[in-house]
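Input: a single structure, listed below in structure tokens.
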Amino acid sequence: MAHTLPALPYELDALEPHISRQTLEFHHGKHHNAYVTNLNNLVAGTELEGKSLEDTITSVAGDAGKAGVFNNAAQVWNHSFYWQCMKPGGGGQPGGALAEKINADFGSFEAFVEQFKTAGATQFGSGWAWLVLDGDTLKVTKTGNADLPLAHGQKALLTMDVWEHAYYLDYQNRRPDYITTFLEKLVNWDFVAANLAAA
Amino acid sequence: MSFLIPALRRLLMLGWLVLLLVAAAPAQAAFELPPLPYPFDALEPVIDARTMEIHHDRHHAGYVAQLNAALSERDDLAGLSLEQLLARARRLPDAMRNNAGGYWNHSQFWSAMAPAGDGGAPSEELEAAIDAAFGSAQGLQERFSQAAAARFGSGWAWLILRPDGTLAVTSTANQDNPLMNLPGIERGTPLLGLDVWEHAYYLSYQNRRADYITAWWSLVNWDQVNQRYAEALSPASAGQPTLSPRTPGAEP
């Protein structure tokens, strides 16, 4: 069973004006799609063919000789997860058990926001900012290029893409504006809460 | 009134002492953003004017400003040239390594390009070295373009002069470069560097990095590459290209 490109969970223009239709057309239709195509080509005829995406990632993580498989598989996973982390009319603050857990582990929602913004702004070059469950504790982390929490024994709850292609058509060099908009207008906290509940 | 004289003398001595201390303190040198050697639209249609403006006035300027800010807290590094900083990158904090690299890399990038048709051609000496290393100019172009396309994430492709006098193509991540003493980096004197951060091409090419790389070859300023090669070979400046000298006494 070849890996497939998942459909976006909303229309291409659903996140406007915060993320443009043009950005999503390229980001989903070209970048994400290319990772899927590359991954299928790389695993075809190997012992990795037919493995689940997660099994593929964990079995090649840390293997320098399989960096191409890891990069493409992880980027397929990261983008599929990223689309779900956003929704039209998102942002605001979480409630319920997630809010309590954030307060308990970060001190306050505002403290979490500061850490998450810093992680996104200081991930030098291409990469991702994350809210993860590490053991029993919520943590903010950042990873370079395709790297992801699954390769570090952590459970991803929320991610934000800070590769330039995620925001350059709309924000150019102003990554901090993209980050602020992501948090205030786009985060799908229901999805994050469901990830925590399922952990 | 005579009691005032020793007091006055002490005051004068104190004044001299302050002056001496100020004069002896390390010069507050600051790195400066070099102006583009051509107008923003000079490289169109290969690189559009808006990309050049943001790339130079925002990204490059940001690296310079952040490098100066980071250096202002490190008196022990005051007075070092940019190349000296890069040569000790392994011992620098990330902010300094990244911003020093971003500063140097972009400075060389602007001068390594010229409006299409203005860049001249490889000198006889450089051509011979290219043929020896890559078989032909076409061989260099293929090897270099492959390195640029294969760089996953953000980074640079380079043509370098290795310490043994031969040419090689290499690639570095993010704002690292071949002058840095970092593990995994093939060191040498950069002769030509291509920016493959997405910000270098995304407004015009989006996901089509390969098209950007192919089009970019028409902009290479071979006169500049020839000059770098000649300077790198001359004993006086081997391995020490000075693209961006500090301005002595300039405010940070």
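All residue names refer to the structure tokens as shown: chains lettered A, B, ... in order, residues numbered from 1 in each chain, ligands numbered from 1 in order.
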
Chain B residues near chain A (7 Å cut-off, only C-alpha atoms) as a list in words:
Arg58, His59, Gly153, Ser154, Asn174, Glu198, His199, Tyr202, Leu203 and Asn207 of chain B

Keeping C-alpha atoms, export the residues of the selection given above as a PDB file, in the first residue's frame.
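The resulting file, selection11.pdb, is shown below:
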ATOM      1  CA  ARG B  58      15.787  42.602   5.596  1.00  0.00           C
ATOM      2  CA  HIS B  59      17.523  39.237   5.736  1.00  0.00           C
ATOM      3  CA  GLY B 153      16.193  22.446   4.119  1.00  0.00           C
ATOM      4  CA  SER B 154      18.097  25.737   4.105  1.00  0.00           C
ATOM      5  CA  ASN B 174      21.747  26.962   7.128  1.00  0.00           C
ATOM      6  CA  GLU B 198      13.729  29.336   0.283  1.00  0.00           C
ATOM      7  CA  HIS B 199      13.784  33.104   0.894  1.00  0.00           C
ATOM      8  CA  TYR B 202      10.334  31.540  -3.133  1.00  0.00           C
ATOM      9  CA  LEU B 203       8.526  34.667  -4.387  1.00  0.00           C
ATOM     10  CA  ASN B 207       8.743  24.926  -4.850  1.00  0.00           C
TER      11      ASN B 207
END

What lies within 12 Å of Thr37 (chain A) using only C-alpha atoms, ignoring chain neighbours under 4 positions off, as a short mmCIF file (atom, residue, chain, number, x, y, z; two decimals) with N, CA, C and O atoms, in the first residue's frame?
data_model
loop_
_atom_site.label_atom_id
_atom_site.label_comp_id
_atom_site.auth_asym_id
_atom_site.auth_seq_id
_atom_site.Cartn_x
_atom_site.Cartn_y
_atom_site.Cartn_z
N ALA A 2 0.82 1.96 -1.08
CA ALA A 2 1.67 3.15 -1.17
C ALA A 2 1.16 4.24 -0.24
O ALA A 2 -0.02 4.28 0.12
N HIS A 3 2.07 5.10 0.17
CA HIS A 3 1.67 6.27 0.97
C HIS A 3 0.90 7.23 0.08
O HIS A 3 1.20 7.38 -1.11
N THR A 4 -0.08 7.88 0.66
CA THR A 4 -0.92 8.79 -0.14
C THR A 4 -0.97 10.17 0.51
O THR A 4 -0.77 10.31 1.72
N LEU A 5 -1.25 11.14 -0.33
CA LEU A 5 -1.40 12.51 0.16
C LEU A 5 -2.80 12.67 0.75
O LEU A 5 -3.79 12.51 0.03
N GLY A 29 -0.27 21.04 -2.28
CA GLY A 29 -0.29 20.42 -3.60
C GLY A 29 1.08 20.13 -4.20
O GLY A 29 1.21 19.23 -5.03
N LYS A 30 2.07 20.91 -3.79
CA LYS A 30 3.43 20.70 -4.33
C LYS A 30 4.39 20.14 -3.29
O LYS A 30 4.95 19.06 -3.47
N HIS A 31 4.63 20.88 -2.19
CA HIS A 31 5.62 20.40 -1.21
C HIS A 31 5.20 19.08 -0.57
O HIS A 31 5.93 18.10 -0.62
N HIS A 32 4.02 19.07 0.06
CA HIS A 32 3.58 17.86 0.74
C HIS A 32 3.48 16.70 -0.26
O HIS A 32 3.93 15.58 0.01
N ASN A 33 2.92 16.99 -1.41
CA ASN A 33 2.77 15.96 -2.43
C ASN A 33 4.12 15.39 -2.88
O ASN A 33 4.27 14.19 -3.09
N ASN A 41 8.84 6.47 -3.98
CA ASN A 41 9.92 6.06 -4.87
C ASN A 41 11.09 5.46 -4.10
O ASN A 41 11.72 4.50 -4.56
N LEU A 42 11.38 6.04 -2.93
CA LEU A 42 12.53 5.58 -2.16
C LEU A 42 12.31 4.20 -1.54
O LEU A 42 13.26 3.42 -1.39
N VAL A 43 11.08 3.91 -1.13
CA VAL A 43 10.85 2.62 -0.44
C VAL A 43 10.44 1.51 -1.39
O VAL A 43 10.44 0.34 -1.00
N ALA A 44 10.11 1.87 -2.64
CA ALA A 44 9.65 0.84 -3.59
C ALA A 44 10.70 -0.26 -3.73
O ALA A 44 11.88 0.02 -3.96
N VAL A 69 15.04 8.69 3.15
CA VAL A 69 13.76 8.09 3.54
C VAL A 69 13.21 8.82 4.76
O VAL A 69 12.03 9.19 4.81
N ASN A 72 11.84 12.43 3.94
CA ASN A 72 10.57 12.45 3.21
C ASN A 72 9.43 11.87 4.03
O ASN A 72 8.33 12.42 4.04
N ALA A 73 9.69 10.76 4.73
CA ALA A 73 8.64 10.16 5.56
C ALA A 73 8.23 11.12 6.68
O ALA A 73 7.04 11.32 6.95
N GLN A 75 8.57 14.34 6.77
CA GLN A 75 7.87 15.51 6.23
C GLN A 75 6.44 15.17 5.81
O GLN A 75 5.54 16.02 5.90
N VAL A 76 6.20 13.95 5.35
CA VAL A 76 4.82 13.54 5.08
C VAL A 76 4.02 13.58 6.38
O VAL A 76 2.92 14.16 6.45
#

To one decimal place, how far is CA of Gln115 (chain A) from CA of Glu54 (chain A) in Å?
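If I compute the distance from CA of Gln115 (chain A) to CA of Glu54 (chain A), I get 27.4 Å.
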
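Taking only C-alpha atoms into account, Val187 (chain A) lies nearest to A:Met86 out of the set A:Met86, A:Pro94, A:Gly120, A:Ser80.
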
Pick out each residue of region 8-151 of chain A that DSSP on the backbone tags as helix (DSSP H, G or I); I need them as a VMD selection string.
chain A and resid 21 to 43 53 to 60 64 to 84 96 to 106 109 to 122 149 to 151
